[in-house]
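Data block for query.pdb (PDB, C-alpha atoms):
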```pdb
ATOM      1  CA  MET Q 142      23.380  -0.621  -1.419  1.00  0.00           C
ATOM      2  CA  LYS Q 143      20.925  -1.995   1.142  1.00  0.00           C
ATOM      3  CA  ILE Q 144      17.128  -1.733   0.812  1.00  0.00           C
ATOM      4  CA  ILE Q 145      14.947  -3.018   3.639  1.00  0.00           C
ATOM      5  CA  LEU Q 146      11.214  -3.606   3.293  1.00  0.00           C
ATOM      6  CA  ILE Q 147       9.337  -3.434   6.609  1.00  0.00           C
ATOM      7  CA  ARG Q 148       5.757  -4.604   6.838  1.00  0.00           C
ATOM      8  CA  HIS Q 149       3.700  -2.380   9.160  1.00  0.00           C
ATOM      9  CA  GLY Q 150       2.844  -3.458  12.701  1.00  0.00           C
ATOM     10  CA  GLU Q 151      -0.466  -5.038  13.605  1.00  0.00           C
ATOM     11  CA  ALA Q 152      -3.351  -2.811  12.549  1.00  0.00           C
ATOM     12  CA  ALA Q 153      -6.047  -1.781  15.025  1.00  0.00           C
ATOM     13  CA  SER Q 154      -8.761  -2.867  12.583  1.00  0.00           C
ATOM     14  CA  SER Q 155      -9.190  -5.316   9.707  1.00  0.00           C
ATOM     15  CA  TRP Q 156      -9.602  -4.728   5.944  1.00  0.00           C
ATOM     16  CA  GLU Q 157     -13.356  -4.756   5.877  1.00  0.00           C
ATOM     17  CA  LYS Q 158     -13.776  -2.473   8.910  1.00  0.00           C
ATOM     18  CA  SER Q 159     -11.441   0.429   8.134  1.00  0.00           C
ATOM     19  CA  ALA Q 160      -9.797   1.789   4.993  1.00  0.00           C
ATOM     20  CA  ASP Q 161      -6.916   3.296   6.983  1.00  0.00           C
ATOM     21  CA  PRO Q 162      -6.518   1.970  10.521  1.00  0.00           C
ATOM     22  CA  GLY Q 163      -3.676   2.959  12.800  1.00  0.00           C
ATOM     23  CA  LEU Q 164      -1.683   0.481  14.856  1.00  0.00           C
ATOM     24  CA  SER Q 165      -3.119  -1.604  17.668  1.00  0.00           C
ATOM     25  CA  ASP Q 166      -1.336  -1.550  21.040  1.00  0.00           C
ATOM     26  CA  LEU Q 167       0.509  -4.691  19.946  1.00  0.00           C
ATOM     27  CA  GLY Q 168       1.361  -3.001  16.627  1.00  0.00           C
ATOM     28  CA  LYS Q 169       2.871  -0.043  18.502  1.00  0.00           C
ATOM     29  CA  ALA Q 170       5.010  -2.418  20.570  1.00  0.00           C
ATOM     30  CA  GLN Q 171       6.064  -4.237  17.377  1.00  0.00           C
ATOM     31  CA  ALA Q 172       7.060  -0.914  15.770  1.00  0.00           C
ATOM     32  CA  GLU Q 173       9.152  -0.036  18.819  1.00  0.00           C
ATOM     33  CA  GLU Q 174      10.903  -3.424  18.774  1.00  0.00           C
ATOM     34  CA  CYS Q 175      11.429  -3.152  15.010  1.00  0.00           C
ATOM     35  CA  SER Q 176      13.102   0.234  15.469  1.00  0.00           C
ATOM     36  CA  ASN Q 177      15.379  -1.247  18.150  1.00  0.00           C
ATOM     37  CA  GLN Q 178      16.427  -4.000  15.739  1.00  0.00           C
ATOM     38  CA  LEU Q 179      17.040  -1.527  12.902  1.00  0.00           C
ATOM     39  CA  LEU Q 180      19.214   0.608  15.203  1.00  0.00           C
ATOM     40  CA  LYS Q 181      21.750  -2.244  15.107  1.00  0.00           C
ATOM     41  CA  LEU Q 182      22.367  -1.647  11.388  1.00  0.00           C
ATOM     42  CA  LYS Q 183      25.746  -0.232  10.470  1.00  0.00           C
ATOM     43  CA  ASN Q 184      25.420   3.446   9.431  1.00  0.00           C
ATOM     44  CA  ILE Q 185      21.697   3.517  10.209  1.00  0.00           C
ATOM     45  CA  ASN Q 186      21.771   7.350  10.087  1.00  0.00           C
ATOM     46  CA  SER Q 187      22.716   7.204   6.397  1.00  0.00           C
ATOM     47  CA  PHE Q 188      19.476   5.415   5.438  1.00  0.00           C
ATOM     48  CA  SER Q 189      16.561   7.199   3.828  1.00  0.00           C
ATOM     49  CA  LEU Q 190      13.210   6.376   5.419  1.00  0.00           C
ATOM     50  CA  ILE Q 191      10.150   6.019   3.183  1.00  0.00           C
ATOM     51  CA  SER Q 192       6.611   5.183   4.236  1.00  0.00           C
ATOM     52  CA  SER Q 193       3.341   4.424   2.570  1.00  0.00           C
ATOM     53  CA  PRO Q 194       0.855   7.234   3.269  1.00  0.00           C
ATOM     54  CA  LEU Q 195      -1.388   4.804   5.166  1.00  0.00           C
ATOM     55  CA  THR Q 196      -1.519   5.382   8.908  1.00  0.00           C
ATOM     56  CA  ARG Q 197      -0.334   1.923  10.018  1.00  0.00           C
ATOM     57  CA  ALA Q 198       2.845   2.216   7.917  1.00  0.00           C
ATOM     58  CA  LYS Q 199       3.546   5.802   9.010  1.00  0.00           C
ATOM     59  CA  GLU Q 200       3.066   4.866  12.675  1.00  0.00           C
ATOM     60  CA  THR Q 201       5.456   1.917  12.215  1.00  0.00           C
ATOM     61  CA  SER Q 202       8.150   4.258  10.857  1.00  0.00           C
ATOM     62  CA  GLU Q 203       7.865   6.864  13.634  1.00  0.00           C
ATOM     63  CA  PRO Q 204       9.930   5.205  16.415  1.00  0.00           C
ATOM     64  CA  LEU Q 205      12.967   4.760  14.153  1.00  0.00           C
ATOM     65  CA  SER Q 206      12.606   8.230  12.657  1.00  0.00           C
ATOM     66  CA  LYS Q 207      12.632   9.782  16.126  1.00  0.00           C
ATOM     67  CA  LYS Q 208      15.576   7.691  17.362  1.00  0.00           C
ATOM     68  CA  ILE Q 209      17.870   8.522  14.423  1.00  0.00           C
ATOM     69  CA  ASN Q 210      16.439  11.986  13.746  1.00  0.00           C
ATOM     70  CA  VAL Q 211      15.817  11.239  10.068  1.00  0.00           C
ATOM     71  CA  PRO Q 212      12.519  12.395   8.553  1.00  0.00           C
ATOM     72  CA  VAL Q 213      10.212   9.930   6.857  1.00  0.00           C
ATOM     73  CA  SER Q 214       9.377  10.650   3.232  1.00  0.00           C
ATOM     74  CA  ILE Q 215       5.794   9.682   2.367  1.00  0.00           C
ATOM     75  CA  ASN Q 216       5.534   7.908  -0.969  1.00  0.00           C
ATOM     76  CA  PRO Q 217       2.067   6.880  -2.229  1.00  0.00           C
ATOM     77  CA  LEU Q 218       3.625   4.365  -4.622  1.00  0.00           C
ATOM     78  CA  PHE Q 219       4.270   2.098  -1.627  1.00  0.00           C
ATOM     79  CA  ALA Q 220       0.607   2.131  -0.518  1.00  0.00           C
ATOM     80  CA  GLU Q 221      -1.443  -1.051  -0.474  1.00  0.00           C
ATOM     81  CA  ILE Q 222      -2.794  -2.592  -3.687  1.00  0.00           C
ATOM     82  CA  PRO Q 223      -5.419  -0.319  -5.292  1.00  0.00           C
ATOM     83  CA  SER Q 224      -8.997  -1.538  -5.184  1.00  0.00           C
ATOM     84  CA  PRO Q 225     -10.991   1.037  -7.173  1.00  0.00           C
ATOM     85  CA  GLY Q 226     -14.732   0.545  -7.023  1.00  0.00           C
ATOM     86  CA  ILE Q 227     -14.512  -2.096  -4.277  1.00  0.00           C
ATOM     87  CA  ASN Q 228     -16.606  -1.290  -1.206  1.00  0.00           C
ATOM     88  CA  LEU Q 229     -14.947  -1.633   2.184  1.00  0.00           C
ATOM     89  CA  SER Q 230     -17.321  -4.492   3.077  1.00  0.00           C
ATOM     90  CA  GLU Q 231     -16.248  -6.374  -0.093  1.00  0.00           C
ATOM     91  CA  ARG Q 232     -12.509  -5.672   0.176  1.00  0.00           C
ATOM     92  CA  LYS Q 233     -11.549  -8.759   2.234  1.00  0.00           C
ATOM     93  CA  GLU Q 234     -13.244 -11.127  -0.211  1.00  0.00           C
ATOM     94  CA  TRP Q 235     -11.666  -9.243  -3.166  1.00  0.00           C
ATOM     95  CA  LEU Q 236      -8.203  -9.475  -1.583  1.00  0.00           C
ATOM     96  CA  GLN Q 237      -8.626 -13.181  -0.897  1.00  0.00           C
ATOM     97  CA  LYS Q 238      -9.278 -13.684  -4.640  1.00  0.00           C
ATOM     98  CA  ILE Q 239      -6.216 -11.550  -5.493  1.00  0.00           C
ATOM     99  CA  PHE Q 240      -4.063 -13.801  -3.264  1.00  0.00           C
ATOM    100  CA  LYS Q 241      -4.745 -16.722  -5.593  1.00  0.00           C
ATOM    101  CA  MET Q 242      -4.234 -14.815  -8.847  1.00  0.00           C
ATOM    102  CA  LYS Q 243      -1.188 -14.507 -11.046  1.00  0.00           C
ATOM    103  CA  ILE Q 244       0.391 -11.132 -11.734  1.00  0.00           C
ATOM    104  CA  SER Q 245      -0.364 -11.558 -15.420  1.00  0.00           C
ATOM    105  CA  ASP Q 246      -4.097 -11.789 -14.532  1.00  0.00           C
ATOM    106  CA  LEU Q 247      -4.231  -8.483 -12.651  1.00  0.00           C
ATOM    107  CA  GLU Q 248      -6.407  -5.689 -13.984  1.00  0.00           C
ATOM    108  CA  THR Q 249      -4.913  -2.444 -15.335  1.00  0.00           C
ATOM    109  CA  PRO Q 250      -4.905  -0.414 -12.056  1.00  0.00           C
ATOM    110  CA  GLN Q 251      -3.069  -3.191 -10.215  1.00  0.00           C
ATOM    111  CA  LYS Q 252      -0.608  -3.765 -13.076  1.00  0.00           C
ATOM    112  CA  LYS Q 253       0.216  -0.028 -13.108  1.00  0.00           C
ATOM    113  CA  TRP Q 254       0.632  -0.159  -9.313  1.00  0.00           C
ATOM    114  CA  LYS Q 255       3.089  -3.061  -9.626  1.00  0.00           C
ATOM    115  CA  ASP Q 256       5.083  -1.403 -12.412  1.00  0.00           C
ATOM    116  CA  SER Q 257       5.274   1.886 -10.471  1.00  0.00           C
ATOM    117  CA  ILE Q 258       6.601   0.120  -7.372  1.00  0.00           C
ATOM    118  CA  ILE Q 259       9.328  -1.671  -9.328  1.00  0.00           C
ATOM    119  CA  THR Q 260      10.344   1.535 -11.142  1.00  0.00           C
ATOM    120  CA  GLU Q 261      10.498   3.447  -7.851  1.00  0.00           C
ATOM    121  CA  LEU Q 262      12.601   0.701  -6.280  1.00  0.00           C
ATOM    122  CA  LYS Q 263      15.057   0.816  -9.200  1.00  0.00           C
ATOM    123  CA  ASN Q 264      15.323   4.615  -8.819  1.00  0.00           C
ATOM    124  CA  LEU Q 265      16.490   4.475  -5.199  1.00  0.00           C
ATOM    125  CA  ASP Q 266      20.012   5.881  -4.960  1.00  0.00           C
ATOM    126  CA  LYS Q 267      20.958   5.418  -1.296  1.00  0.00           C
ATOM    127  CA  PRO Q 268      20.372   2.863   1.461  1.00  0.00           C
ATOM    128  CA  THR Q 269      16.655   2.927   2.216  1.00  0.00           C
ATOM    129  CA  ILE Q 270      14.139   1.466   4.634  1.00  0.00           C
ATOM    130  CA  ILE Q 271      10.592   1.296   3.241  1.00  0.00           C
ATOM    131  CA  PHE Q 272       7.650   0.907   5.631  1.00  0.00           C
ATOM    132  CA  SER Q 273       4.889  -0.668   3.625  1.00  0.00           C
ATOM    133  CA  HIS Q 274       2.352  -3.476   3.257  1.00  0.00           C
ATOM    134  CA  PHE Q 275       1.890  -7.194   2.702  1.00  0.00           C
ATOM    135  CA  MET Q 276       0.949  -6.920  -0.971  1.00  0.00           C
ATOM    136  CA  VAL Q 277       3.675  -4.376  -1.802  1.00  0.00           C
ATOM    137  CA  ILE Q 278       6.363  -6.600  -0.301  1.00  0.00           C
ATOM    138  CA  ASN Q 279       4.945  -9.616  -2.121  1.00  0.00           C
ATOM    139  CA  ILE Q 280       4.847  -7.885  -5.492  1.00  0.00           C
ATOM    140  CA  ILE Q 281       8.524  -6.900  -5.057  1.00  0.00           C
ATOM    141  CA  VAL Q 282       9.551 -10.407  -3.952  1.00  0.00           C
ATOM    142  CA  SER Q 283       7.660 -12.006  -6.847  1.00  0.00           C
ATOM    143  CA  TYR Q 284       9.381  -9.640  -9.276  1.00  0.00           C
ATOM    144  CA  LEU Q 285      12.826 -10.447  -7.861  1.00  0.00           C
ATOM    145  CA  LYS Q 286      12.106 -14.191  -7.893  1.00  0.00           C
ATOM    146  CA  GLU Q 287      10.780 -13.865 -11.449  1.00  0.00           C
ATOM    147  CA  SER Q 288       7.538 -15.435 -10.257  1.00  0.00           C
ATOM    148  CA  ASP Q 289       4.073 -14.766 -11.659  1.00  0.00           C
ATOM    149  CA  LEU Q 290       2.523 -15.362  -8.226  1.00  0.00           C
ATOM    150  CA  ILE Q 291       1.126 -12.304  -6.493  1.00  0.00           C
ATOM    151  CA  VAL Q 292       1.601 -13.819  -3.035  1.00  0.00           C
ATOM    152  CA  SER Q 293       4.806 -15.789  -2.660  1.00  0.00           C
ATOM    153  CA  PHE Q 294       5.241 -15.488   1.113  1.00  0.00           C
ATOM    154  CA  TYR Q 295       3.425 -14.150   4.174  1.00  0.00           C
ATOM    155  CA  PRO Q 296       5.515 -11.414   5.825  1.00  0.00           C
ATOM    156  CA  ASP Q 297       4.695 -11.032   9.510  1.00  0.00           C
ATOM    157  CA  ASN Q 298       3.993  -7.664  11.078  1.00  0.00           C
ATOM    158  CA  CYS Q 299       7.242  -5.664  11.261  1.00  0.00           C
ATOM    159  CA  SER Q 300       9.203  -8.319   9.381  1.00  0.00           C
ATOM    160  CA  ALA Q 301      12.280  -7.081   7.502  1.00  0.00           C
ATOM    161  CA  THR Q 302      12.905  -8.289   3.939  1.00  0.00           C
ATOM    162  CA  ASN Q 303      16.421  -7.418   2.802  1.00  0.00           C
ATOM    163  CA  LEU Q 304      17.381  -6.453  -0.733  1.00  0.00           C
ATOM    164  CA  SER Q 305      20.608  -5.264  -2.294  1.00  0.00           C
ATOM    165  CA  LYS Q 306      21.141  -2.994  -5.281  1.00  0.00           C
ATOM    166  CA  ASN Q 307      24.487  -3.252  -7.060  1.00  0.00           C
ATOM    167  CA  SER Q 308      26.402  -0.609  -9.016  1.00  0.00           C
ATOM    168  CA  LYS Q 309      24.688  -1.744 -12.241  1.00  0.00           C
ATOM    169  CA  GLY Q 310      21.288  -0.991 -10.685  1.00  0.00           C
ATOM    170  CA  GLU Q 311      20.315  -4.648 -10.375  1.00  0.00           C
ATOM    171  CA  ILE Q 312      18.244  -5.504  -7.314  1.00  0.00           C
ATOM    172  CA  GLU Q 313      18.676  -8.827  -5.556  1.00  0.00           C
ATOM    173  CA  LEU Q 314      16.672 -10.502  -2.805  1.00  0.00           C
ATOM    174  CA  ILE Q 315      19.027 -11.189   0.124  1.00  0.00           C
ATOM    175  CA  ASN Q 316      16.518 -12.727   2.533  1.00  0.00           C
ATOM    176  CA  LEU Q 317      12.817 -12.760   3.311  1.00  0.00           C
ATOM    177  CA  GLY Q 318      11.479 -11.343   6.541  1.00  0.00           C
ATOM    178  CA  SER Q 319       9.839 -13.452   9.213  1.00  0.00           C
ATOM    179  CA  GLU Q 320       6.689 -15.272   8.148  1.00  0.00           C
ATOM    180  CA  LEU Q 321       3.188 -14.452   9.386  1.00  0.00           C
ATOM    181  CA  GLN Q 322       2.140 -16.216  12.585  1.00  0.00           C
ATOM    182  CA  THR Q 323      -1.113 -14.308  13.128  1.00  0.00           C
ATOM    183  CA  GLU Q 324      -4.246 -13.391  11.193  1.00  0.00           C
ATOM    184  CA  LEU Q 325      -3.581 -11.135   8.208  1.00  0.00           C
ATOM    185  CA  ASN Q 326      -4.707  -7.524   8.774  1.00  0.00           C
TER
END
```
Final structure tokens representation of the file:
Amino acid sequence: MKIILIRHGEAASSWEKSADPGLSDLGKAQAEECSNQLLKLKNINSFSLISSPLTRAKETSEPLSKKINVPVSINPLFAEIPSPGINLSERKEWLQKIFKMKISDLETPQKKWKDSIITELKNLDKPTIIFSHFMVINIIVSYLKESDLIVSFYPDNCSATNLSKNSKGEIELINLGSELQTELN
């Protein structure tokens, strides 16, 4: 069973300026191109579509949803890493520290976030495309690589990371999506 992790398109605003930005014009074009690439998948209409509740992820999912006439299920477990008590103006600096941390050094809210994502991934029962975020994709990749690093690669906007789930429920990393060429947002 195929699982595809899509990082959202370019956001219209950065971490420290908006808690929930939509897509920039470039991000909208990236989402459109991403949907065109996903349309090439065999049996694309059989895939479930899941999105983070954050606007940039939902907007990235919309072109594909419209083209294949499959609704997008919103799942808050695939939202960006929780940062309780961190002001918007301090979020970029906080995230930059998180990038260098190990999973084992995360605080309780972030550890629960990670565990919930992995459990939800294991519970998927049909081919699925998940529109999500940099840190979500990284936490999944680190888990599958059995790495304690929080950030193990830099998925570009609208990159597709491919996973496979076998009949025993084991999830395997097939390939990473394209790497980031622009500023992280």
Using all atoms listed in the file, what does the table of stretch 163-270 of chain Q residues within 12 Å of stretch 296-303 of chain Q look like, with each row giving the shortest atom pair and its distance in Å to one decimal, sorted by chain and ascending number, as a tab-separated table?
```
residue	atom	partner	partner_atom	distance
Q:Leu164	CA	Q:Asn298	CA	10.6
Q:Ser165	CA	Q:Asn298	CA	11.4
Q:Leu167	CA	Q:Asn298	CA	10.0
Q:Gly168	CA	Q:Asn298	CA	7.7
Q:Lys169	CA	Q:Cys299	CA	10.2
Q:Ala170	CA	Q:Cys299	CA	10.1
Q:Gln171	CA	Q:Cys299	CA	6.4
Q:Ala172	CA	Q:Cys299	CA	6.6
Q:Glu173	CA	Q:Cys299	CA	9.6
Q:Glu174	CA	Q:Cys299	CA	8.7
Q:Cys175	CA	Q:Cys299	CA	6.2
Q:Ser176	CA	Q:Cys299	CA	9.3
Q:Asn177	CA	Q:Cys299	CA	11.5
Q:Gln178	CA	Q:Ala301	CA	9.7
Q:Leu179	CA	Q:Ala301	CA	9.1
Q:Leu182	CA	Q:Asn303	CA	11.9
Q:Arg197	CA	Q:Asn298	CA	10.6
Q:Ala198	CA	Q:Cys299	CA	9.6
Q:Glu200	CA	Q:Cys299	CA	11.4
Q:Thr201	CA	Q:Cys299	CA	7.8
Q:Ser202	CA	Q:Cys299	CA	10.0
Q:Pro268	CA	Q:Asn303	CA	11.1
Q:Thr269	CA	Q:Asn303	CA	10.4
Q:Ile270	CA	Q:Ala301	CA	9.2
```
(request) Evaluate the PyMOL selection byres ((chain Q and resi 252-263) around 9) on the structure here and hand back the selected residues as JSON, numbers by chain. (result) {"Q": [144, 218, 219, 222, 223, 244, 245, 246, 247, 248, 249, 250, 251, 264, 265, 266, 277, 280, 281, 284, 306, 310, 311, 312]}
Expand the PyMOL selection byres ((chain Q and resi 196) around 12) into the individual residues it matches in the shown file, reporting them as a CSV table (one decimal) with C-alpha atoms, in the frame of the given file.
```
chain,number,residue,atom,x,y,z
Q,149,HIS,CA,3.7,-2.4,9.2
Q,150,GLY,CA,2.8,-3.5,12.7
Q,151,GLU,CA,-0.5,-5.0,13.6
Q,152,ALA,CA,-3.4,-2.8,12.5
Q,153,ALA,CA,-6.0,-1.8,15.0
Q,154,SER,CA,-8.8,-2.9,12.6
Q,159,SER,CA,-11.4,0.4,8.1
Q,160,ALA,CA,-9.8,1.8,5.0
Q,161,ASP,CA,-6.9,3.3,7.0
Q,162,PRO,CA,-6.5,2.0,10.5
Q,163,GLY,CA,-3.7,3.0,12.8
Q,164,LEU,CA,-1.7,0.5,14.9
Q,165,SER,CA,-3.1,-1.6,17.7
Q,168,GLY,CA,1.4,-3.0,16.6
Q,169,LYS,CA,2.9,0.0,18.5
Q,192,SER,CA,6.6,5.2,4.2
Q,193,SER,CA,3.3,4.4,2.6
Q,194,PRO,CA,0.9,7.2,3.3
Q,195,LEU,CA,-1.4,4.8,5.2
Q,197,ARG,CA,-0.3,1.9,10.0
Q,198,ALA,CA,2.8,2.2,7.9
Q,199,LYS,CA,3.5,5.8,9.0
Q,200,GLU,CA,3.1,4.9,12.7
Q,201,THR,CA,5.5,1.9,12.2
Q,202,SER,CA,8.2,4.3,10.9
Q,203,GLU,CA,7.9,6.9,13.6
Q,215,ILE,CA,5.8,9.7,2.4
Q,217,PRO,CA,2.1,6.9,-2.2
Q,220,ALA,CA,0.6,2.1,-0.5
Q,221,GLU,CA,-1.4,-1.1,-0.5
Q,272,PHE,CA,7.6,0.9,5.6
Q,273,SER,CA,4.9,-0.7,3.6
Q,274,HIS,CA,2.4,-3.5,3.3
```
The distance between atom CA of Q:Leu190 and atom CA of Q:Ser206 is 7.5 Å
Worksheet item: For Q:Tyr295, which residue out of Q:Asn184, Q:Ser155, Q:Asn307, Q:Ser319 is the nearest one, using all atoms listed in the file?
Response: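 Of all the options, Q:Ser319 lies closest to Q:Tyr295.
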Between Q:Arg232, Q:Leu321, Q:Ser305, Q:Ile145, smallest distance to Q:Phe275 by all atoms listed in the file belongs to Q:Leu321
Atom CA of Q:Ile191 to atom CA of Q:Ser214 measures 4.7 Å
Taken to one decimal, the atom CA of Q:Val213-atom CA of Q:Ile291 distance is 27.5 Å
Check what the PyMOL selection byres ((chain Q and resi 282) around 10) selects in the file above and give those residues as number ranges by chain.
Q: 276-281, 283-288, 290-294, 302, 304, 313-314, 316-317
Would you compute, for all listed atoms of stretch 195-204 of chain Q, the axis-aligned bounding box grown by 4 Å on each side, and then report its centre and edge lengths in Å rounded to one decimal, as JSON?
```
{"center_x": 4.2, "center_y": 4.4, "center_z": 10.8, "size_x": 19.4, "size_y": 12.9, "size_z": 19.2}
```
With distances taken over all atoms listed in the file, the candidate from Q:Lys143, Q:Lys158, Q:Arg148, Q:Lys208 nearest Q:Glu231 is Q:Lys158
